[in-house]
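start.txt follows; it contains compact mmCIF, C-alpha atoms (C1' of nucleotides).
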# COMPACT_ATOMS: atom_id res chain seq x y z
CA MET A 1 -1.24 10.28 -11.87
CA ALA A 2 2.36 9.41 -11.08
CA LEU A 3 1.35 8.48 -7.57
CA ALA A 4 -1.26 6.08 -8.90
CA ALA A 5 1.30 4.51 -11.22
CA LEU A 6 3.80 4.10 -8.39
CA ALA A 7 1.16 2.53 -6.17
CA ALA A 8 0.05 0.22 -8.96
CA LEU A 9 3.58 -1.06 -9.56
CA SER A 10 4.39 -1.46 -5.88
CA HIS A 11 2.76 -4.87 -5.61
CA PRO A 12 4.60 -8.02 -6.73
CA THR A 13 1.73 -9.40 -8.75
CA ARG A 14 1.04 -6.15 -10.52
CA LEU A 15 4.69 -5.48 -11.26
CA LEU A 16 4.99 -8.99 -12.68
CA THR A 17 1.86 -8.45 -14.74
CA TYR A 18 3.25 -5.29 -16.25
CA GLN A 19 6.55 -7.00 -17.03
CA LEU A 20 4.74 -9.87 -18.71
CA LEU A 21 2.72 -7.49 -20.83
CA VAL A 22 5.80 -5.55 -21.91
CA LYS A 23 7.36 -8.85 -22.91
CA HIS A 24 4.35 -9.56 -25.07
CA GLU A 25 4.15 -6.21 -26.78
CA PRO A 26 2.52 -5.46 -29.08
CA GLU A 27 0.20 -8.47 -29.27
CA GLY A 28 -0.82 -8.38 -25.62
CA LEU A 29 -2.22 -11.18 -23.49
CA SER A 30 -5.76 -12.08 -22.54
CA THR A 31 -6.81 -11.78 -18.92
CA GLY A 32 -7.14 -15.54 -18.73
CA GLN A 33 -3.61 -16.09 -19.95
CA LEU A 34 -2.35 -13.66 -17.34
CA VAL A 35 -4.26 -15.42 -14.58
CA GLU A 36 -2.50 -18.67 -15.40
CA LEU A 37 0.90 -16.98 -15.47
CA VAL A 38 0.62 -15.26 -12.11
CA ASP A 39 -0.98 -18.16 -10.21
CA LEU A 40 -3.81 -16.37 -8.45
CA THR A 41 -7.56 -16.70 -8.31
CA GLN A 42 -9.35 -15.19 -11.28
CA SER A 43 -11.25 -12.76 -9.09
CA THR A 44 -8.22 -11.63 -7.15
CA PHE A 45 -6.23 -11.06 -10.29
CA SER A 46 -9.08 -9.17 -11.85
CA THR A 47 -8.93 -6.54 -9.12
CA HIS A 48 -5.15 -6.24 -9.48
CA LEU A 49 -5.56 -5.73 -13.19
CA ALA A 50 -8.14 -3.03 -12.55
CA VAL A 51 -5.57 -1.11 -10.51
CA LEU A 52 -3.08 -1.19 -13.38
CA VAL A 53 -5.74 -0.12 -15.86
CA LYS A 54 -6.94 2.72 -13.66
CA ALA A 55 -3.38 3.97 -13.38
CA GLY A 56 -3.10 3.94 -17.15
CA LEU A 57 -0.28 1.43 -17.21
CA VAL A 58 -2.37 -1.24 -18.92
CA VAL A 59 -4.87 -0.73 -21.70
CA PRO A 60 -7.61 -3.32 -22.17
CA GLU A 61 -9.27 -4.03 -25.48
CA LYS A 62 -12.36 -6.13 -25.95
CA ARG A 63 -11.98 -9.04 -28.31
CA GLY A 64 -14.97 -11.30 -28.51
CA ARG A 65 -15.68 -12.43 -25.00
CA GLN A 66 -12.17 -11.95 -23.80
CA MET A 67 -10.16 -8.89 -22.90
CA ILE A 68 -6.75 -8.36 -24.44
CA GLN A 69 -4.44 -6.46 -22.12
CA ARG A 70 -1.54 -4.39 -23.36
CA ALA A 71 1.20 -2.49 -21.55
CA SER A 72 1.21 1.25 -22.08
CA ILE A 73 4.76 2.28 -22.80
CA ASP A 74 3.60 5.87 -22.89
CA ALA A 75 2.45 5.62 -19.29
CA MET A 76 5.84 4.28 -18.28
CA ARG A 77 7.52 7.12 -20.11
CA GLU A 78 5.34 9.59 -18.23
CA LEU A 79 6.27 7.98 -14.95
CA MET A 80 9.97 8.08 -15.70
CA LEU A 81 9.77 11.70 -16.77
CA PHE A 82 8.10 12.50 -13.50
CA LEU A 83 10.78 10.71 -11.52
CA ALA A 84 13.53 12.39 -13.53
CA LYS A 85 12.06 15.79 -12.78
CA ASP A 86 12.08 14.87 -9.11
CA CYS A 87 15.80 14.48 -9.40
CA CYS A 88 16.66 17.36 -11.61
CA GLN A 89 14.56 20.17 -10.24
CA GLY A 90 16.62 22.91 -11.79
CA ARG A 91 19.86 21.04 -11.39
CA ALA A 92 20.88 19.07 -14.43
CA GLU A 93 24.08 17.91 -12.76
CA LEU A 94 22.05 15.51 -10.66
CA CYS A 95 20.49 13.82 -13.64
CA GLU A 96 23.47 13.52 -15.92
CA PRO A 97 24.90 10.30 -14.48
CA LEU A 98 21.40 8.89 -14.58
CA LEU A 99 20.91 9.57 -18.27
CA ALA A 100 24.40 8.38 -19.08
CA GLU A 101 23.61 4.97 -17.69
CA LEU A 102 20.17 4.85 -19.26
CA THR A 103 21.42 5.21 -22.81
CA CYS A 104 22.93 1.76 -22.60
CA CYS A 105 19.52 0.13 -22.92
CA MET B 1 14.85 -3.57 -4.00
CA ALA B 2 12.97 -1.82 -6.79
CA LEU B 3 9.74 -3.03 -5.30
CA ALA B 4 10.61 -1.49 -1.95
CA ALA B 5 11.47 1.79 -3.64
CA LEU B 6 8.20 1.81 -5.56
CA ALA B 7 6.25 1.08 -2.40
CA ALA B 8 8.11 3.77 -0.51
CA LEU B 9 7.31 6.41 -3.12
CA SER B 10 3.69 5.38 -3.50
CA HIS B 11 2.53 7.40 -0.52
CA PRO B 12 1.86 11.15 -0.81
CA THR B 13 3.82 12.08 2.29
CA ARG B 14 6.81 9.99 1.36
CA LEU B 15 6.86 11.18 -2.23
CA LEU B 16 6.71 14.76 -1.02
CA THR B 17 9.49 14.07 1.44
CA TYR B 18 11.73 12.72 -1.27
CA GLN B 19 10.99 15.71 -3.50
CA LEU B 20 11.80 18.11 -0.69
CA LEU B 21 15.09 16.36 -0.04
CA VAL B 22 16.07 16.46 -3.72
CA LYS B 23 15.31 20.15 -3.71
CA HIS B 24 17.70 20.57 -0.81
CA GLU B 25 20.56 18.57 -2.19
CA PRO B 26 23.28 18.36 -1.18
CA GLU B 27 22.85 20.02 2.22
CA GLY B 28 19.87 17.91 3.27
CA LEU B 29 17.23 18.67 5.87
CA SER B 30 16.88 17.63 9.48
CA THR B 31 14.02 15.37 10.46
CA GLY B 32 12.50 18.20 12.46
CA GLN B 33 12.51 20.54 9.47
CA LEU B 34 10.81 17.86 7.40
CA VAL B 35 8.15 17.31 10.03
CA GLU B 36 7.19 20.96 9.84
CA LEU B 37 7.08 20.90 6.07
CA VAL B 38 4.82 17.90 5.74
CA ASP B 39 2.40 18.75 8.55
CA LEU B 40 2.22 15.46 10.36
CA THR B 41 2.90 14.24 13.87
CA GLN B 42 6.55 13.69 14.65
CA SER B 43 6.02 10.01 15.37
CA THR B 44 3.97 9.38 12.26
CA PHE B 45 6.49 11.11 10.07
CA SER B 46 9.31 9.20 11.69
CA THR B 47 7.84 5.92 10.52
CA HIS B 48 7.35 7.28 6.99
CA LEU B 49 10.94 8.37 6.94
CA ALA B 50 12.04 4.93 8.08
CA VAL B 51 10.35 3.42 5.02
CA LEU B 52 12.27 5.71 2.70
CA VAL B 53 15.53 4.95 4.48
CA LYS B 54 14.94 1.22 4.40
CA ALA B 55 14.31 1.44 0.66
CA GLY B 56 17.61 3.26 0.26
CA LEU B 57 16.02 6.40 -1.15
CA VAL B 58 17.01 8.53 1.81
CA VAL B 59 20.29 8.42 3.69
CA PRO B 60 20.36 9.71 7.27
CA GLU B 61 23.43 11.13 8.90
CA LYS B 62 23.78 11.86 12.57
CA ARG B 63 24.69 15.43 13.41
CA GLY B 64 24.71 16.22 17.08
CA ARG B 65 21.29 15.37 18.38
CA GLN B 66 19.58 15.70 15.08
CA MET B 67 19.48 13.57 11.98
CA ILE B 68 20.24 15.12 8.63
CA GLN B 69 18.34 13.41 5.82
CA ARG B 70 19.56 13.39 2.24
CA ALA B 71 18.02 12.07 -0.96
CA SER B 72 19.93 9.28 -2.64
CA ILE B 73 20.13 10.13 -6.33
CA ASP B 74 21.86 6.81 -6.89
CA ALA B 75 18.83 4.97 -5.58
CA MET B 76 16.60 6.90 -7.96
CA ARG B 77 18.92 6.05 -10.81
CA GLU B 78 18.70 2.38 -9.86
CA LEU B 79 14.94 2.57 -9.83
CA MET B 80 14.77 4.24 -13.21
CA LEU B 81 17.16 1.71 -14.69
CA PHE B 82 14.93 -1.04 -13.41
CA LEU B 83 11.85 0.54 -14.93
CA ALA B 84 13.63 1.13 -18.21
CA LYS B 85 14.61 -2.52 -18.38
CA ASP B 86 10.97 -3.40 -17.85
CA CYS B 87 10.21 -1.54 -21.01
CA CYS B 88 13.12 -2.57 -23.13
CA GLN B 89 13.39 -6.28 -22.43
CA GLY B 90 15.34 -7.05 -25.57
CA ARG B 91 13.50 -4.46 -27.64
CA ALA B 92 15.25 -1.14 -27.82
CA GLU B 93 12.56 0.30 -30.09
CA LEU B 94 10.26 0.54 -27.09
CA CYS B 95 12.67 2.65 -25.10
CA GLU B 96 13.87 5.05 -27.74
CA PRO B 97 11.03 7.56 -27.48
CA LEU B 98 11.40 7.39 -23.73
CA LEU B 99 15.07 8.31 -23.78
CA ALA B 100 14.54 10.97 -26.39
CA GLU B 101 12.18 12.80 -24.11
CA LEU B 102 14.35 12.29 -21.05
CA THR B 103 17.36 14.03 -22.49
CA CYS B 104 15.56 17.33 -22.28
CA CYS B 105 16.02 17.49 -18.51
C1' DC C 1 24.20 16.56 37.37
C1' DG C 2 19.63 18.05 35.57
C1' DG C 3 16.68 19.91 32.20
C1' DA C 4 15.71 20.68 27.41
C1' DT C 5 15.81 19.15 22.67
C1' DA C 6 15.64 15.80 18.72
C1' DT C 7 14.37 11.55 17.25
C1' DA C 8 12.88 6.58 17.62
C1' DT C 9 9.82 3.21 19.36
C1' DC C 10 5.63 1.26 21.60
C1' DG C 11 0.61 0.31 22.14
C1' DG C 12 -3.71 0.94 20.37
C1' DT C 13 -7.31 1.96 16.89
C1' DA C 14 -9.34 2.90 12.42
C1' DA C 15 -9.00 2.39 7.61
C1' DA C 16 -7.36 0.25 3.51
C1' DA C 17 -5.55 -3.59 0.91
C1' DG C 18 -5.35 -8.33 -0.31
C1' DG C 19 -7.28 -12.69 -0.64
C1' DC C 20 -11.13 -16.01 -1.59
C1' DG C 21 -15.58 -18.27 -3.32
C1' DA C 22 -19.98 -17.23 -5.22
C1' DT C 23 -22.60 -14.78 -8.34
C1' DG C 24 -23.82 -11.67 -12.29
C1' DC C 25 -23.35 -10.28 -17.10
C1' DG C 26 -22.23 -10.30 -21.87
C1' DT C 27 -20.77 -13.14 -25.88
C1' DG C 28 -20.15 -17.05 -28.99
C1' DG C 29 -21.34 -21.62 -30.46
C1' DA C 30 -24.46 -25.62 -30.74
C1' DT D 1 -32.86 -20.49 -27.64
C1' DC D 2 -29.85 -22.44 -24.39
C1' DC D 3 -25.45 -23.53 -22.60
C1' DA D 4 -20.58 -22.78 -21.88
C1' DC D 5 -17.04 -19.48 -21.50
C1' DG D 6 -14.41 -15.21 -19.99
C1' DC D 7 -14.38 -11.67 -17.11
C1' DA D 8 -16.15 -8.29 -13.48
C1' DT D 9 -18.31 -7.58 -9.16
C1' DC D 10 -20.00 -8.69 -4.46
C1' DG D 11 -19.69 -10.12 0.35
C1' DC D 12 -16.78 -11.69 3.72
C1' DC D 13 -12.63 -12.31 6.26
C1' DT D 14 -7.61 -11.53 7.44
C1' DT D 15 -3.59 -8.80 7.22
C1' DT D 16 -1.29 -4.60 6.59
C1' DT D 17 -0.91 0.28 6.73
C1' DA D 18 -1.55 4.74 8.68
C1' DC D 19 -2.20 7.58 12.34
C1' DC D 20 -1.87 9.19 17.06
C1' DG D 21 -0.27 10.07 21.99
C1' DA D 22 2.91 8.53 25.29
C1' DT D 23 7.30 7.04 26.42
C1' DA D 24 12.29 5.78 25.78
C1' DT D 25 16.97 7.14 24.27
C1' DA D 26 20.61 10.02 23.18
C1' DT D 27 22.77 14.53 23.07
C1' DC D 28 23.65 19.20 24.27
C1' DC D 29 23.72 23.08 27.54
C1' DG D 30 23.78 25.47 31.84
As structure tokens:
Amino acid sequence: MALAALAALSHPTRLLTYQLLVKHEPEGLSTGQLVELVDLTQSTFSTHLAVLVKAGLVVPEKRGRQMIQRASIDAMRELMLFLAKDCCQGRAELCEPLLAELTCC
Amino acid sequence: MALAALAALSHPTRLLTYQLLVKHEPEGLSTGQLVELVDLTQSTFSTHLAVLVKAGLVVPEKRGRQMIQRASIDAMRELMLFLAKDCCQGRAELCEPLLAELTCC
DNA sequence: CGGATATATCGGTAAAAGGCGATGCGTGGA
DNA sequence: TCCACGCATCGCCTTTTACCGATATATCCG
């Protein structure tokens, strides 16, 4: 699943979309609002959004005839845990400077 | 640069390569050793490796006629900081559970 | 110097991704 | 019931990515 998340975030539009949704936590944004923000065709953006949803980074919720999209912080946490394990594989000394800098935020 | 790192890691071969190099820190592995481990043509793997290097995730070092490749933990730290900022944008409450779980490693 | 080794680069092809307009489908309001 | 709205999906095209074999470059060894 980490690979899917990495692939999903590795496109400018999709990364921007995720950032916008985090900024609007926890209310979320409708698909239409997102389309206006990212300046793309509705159909094109719809497929990008589907990639994020499939990777679990965005969770859609039906509201009337529109879809409210929300960023999954849990999914991001999973991804970062995966990346951290990549670094630490049995060697905490590699990760320590990383965590030290992360606690600032 | 975060986008380049995400794109670089979003391919199975390249993710595996990075994991292998972390596992072999700090000695590194030669390109030839990596080729054998990932089971790809030498030329194909060479281009994959170039993507990782360009993204700053892998640092090559010339040794005689071979290249020793090493994982850049700094680059991974940069990437994780970027992702963490995505989550926290002015709202530390989003990141707290993330950091709590990260400290285990 | 000449051959062997390690890696990078080139040329070509097949597959995947990204983009668009048009269309389909469900929902809410008149 | 009918129309407008919001979103997903389809078909098509263009661009990018991935893969390979062949070749170029640099280094070491005899």
Worksheet entry | All residues 8 Å or closer to range 25-27 of chain D, all atoms listed in the file, same chain fewer than 6 positions away omitted, as a PyMOL selection string | (chain B and resi 64-65) or (chain C and resi 8)
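A straight line drawn from CA of Val59 in chain A to C1' of DG26 in chain C is 19.8 Å long.
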Return the neighbours of chain A among the residues of chain C, cut-off 9 Å, counting all atoms listed in the file, as a PDB file with C-alpha atoms (C1' of nucleotides), in the coordinates of the input.
ATOM      1  C1'  DG C  18      -5.350  -8.330  -0.310  1.00  0.00           C
ATOM      2  C1'  DG C  19      -7.280 -12.690  -0.640  1.00  0.00           C
ATOM      3  C1'  DC C  20     -11.130 -16.010  -1.590  1.00  0.00           C
ATOM      4  C1'  DG C  26     -22.230 -10.300 -21.870  1.00  0.00           C
ATOM      5  C1'  DT C  27     -20.770 -13.140 -25.880  1.00  0.00           C
ATOM      6  C1'  DG C  28     -20.150 -17.050 -28.990  1.00  0.00           C
TER       7       DG C  28
END
Discussion item. I need the chain B residues near chain A as number ranges by chain; criterion: at most 8 Å, counting all atoms listed in the file.
Written reply: B: 3-4, 6-7, 9-12, 19, 22-23, 73-74, 76-77, 80-81, 83-89, 92, 94-95, 98-99, 101-103, 105
Worksheet item: With all atoms listed in the file as the basis for distance, which of B:Leu57, B:Ser46, B:Leu52, B:Gly28 is at the shortest distance from chain D?
Response: B:Ser46
All file atoms of range 55-70 of chain A boxed axis-aligned, 6 Å per side, centre plus edges, as JSON:
{"center_x": -8.0, "center_y": -4.2, "center_z": -20.9, "size_x": 27.4, "size_y": 28.4, "size_z": 27.1}
Missing atoms of range 26-38 of chain A rebuilt to N, CA and C atoms, written as a compact mmCIF listing (two decimals), in the coordinates of the input:
# COMPACT_ATOMS: atom_id res chain seq x y z
N PRO A 26 3.75 -6.22 -29.20
CA PRO A 26 2.52 -5.46 -29.08
C PRO A 26 1.26 -6.29 -29.14
N GLU A 27 1.40 -7.64 -29.11
CA GLU A 27 0.20 -8.47 -29.27
C GLU A 27 -0.69 -8.43 -28.02
N GLY A 28 -0.05 -8.36 -26.85
CA GLY A 28 -0.82 -8.38 -25.62
C GLY A 28 -1.14 -9.80 -25.17
N LEU A 29 -1.80 -9.89 -24.03
CA LEU A 29 -2.22 -11.18 -23.49
C LEU A 29 -3.66 -11.03 -23.01
N SER A 30 -4.40 -12.12 -23.07
CA SER A 30 -5.76 -12.08 -22.54
C SER A 30 -5.71 -12.16 -21.02
N THR A 31 -6.75 -11.71 -20.37
CA THR A 31 -6.81 -11.78 -18.92
C THR A 31 -6.63 -13.21 -18.43
N GLY A 32 -7.25 -14.13 -19.12
CA GLY A 32 -7.14 -15.54 -18.73
C GLY A 32 -5.72 -16.05 -18.80
N GLN A 33 -5.02 -15.68 -19.85
CA GLN A 33 -3.61 -16.09 -19.95
C GLN A 33 -2.80 -15.54 -18.79
N LEU A 34 -3.06 -14.28 -18.46
CA LEU A 34 -2.35 -13.66 -17.34
C LEU A 34 -2.64 -14.38 -16.04
N VAL A 35 -3.89 -14.72 -15.82
CA VAL A 35 -4.26 -15.42 -14.58
C VAL A 35 -3.43 -16.68 -14.42
N GLU A 36 -3.28 -17.44 -15.50
CA GLU A 36 -2.50 -18.67 -15.40
C GLU A 36 -1.03 -18.37 -15.09
N LEU A 37 -0.53 -17.29 -15.65
CA LEU A 37 0.90 -16.98 -15.47
C LEU A 37 1.21 -16.52 -14.05
N VAL A 38 0.29 -15.82 -13.42
CA VAL A 38 0.62 -15.26 -12.11
C VAL A 38 0.14 -16.14 -10.96
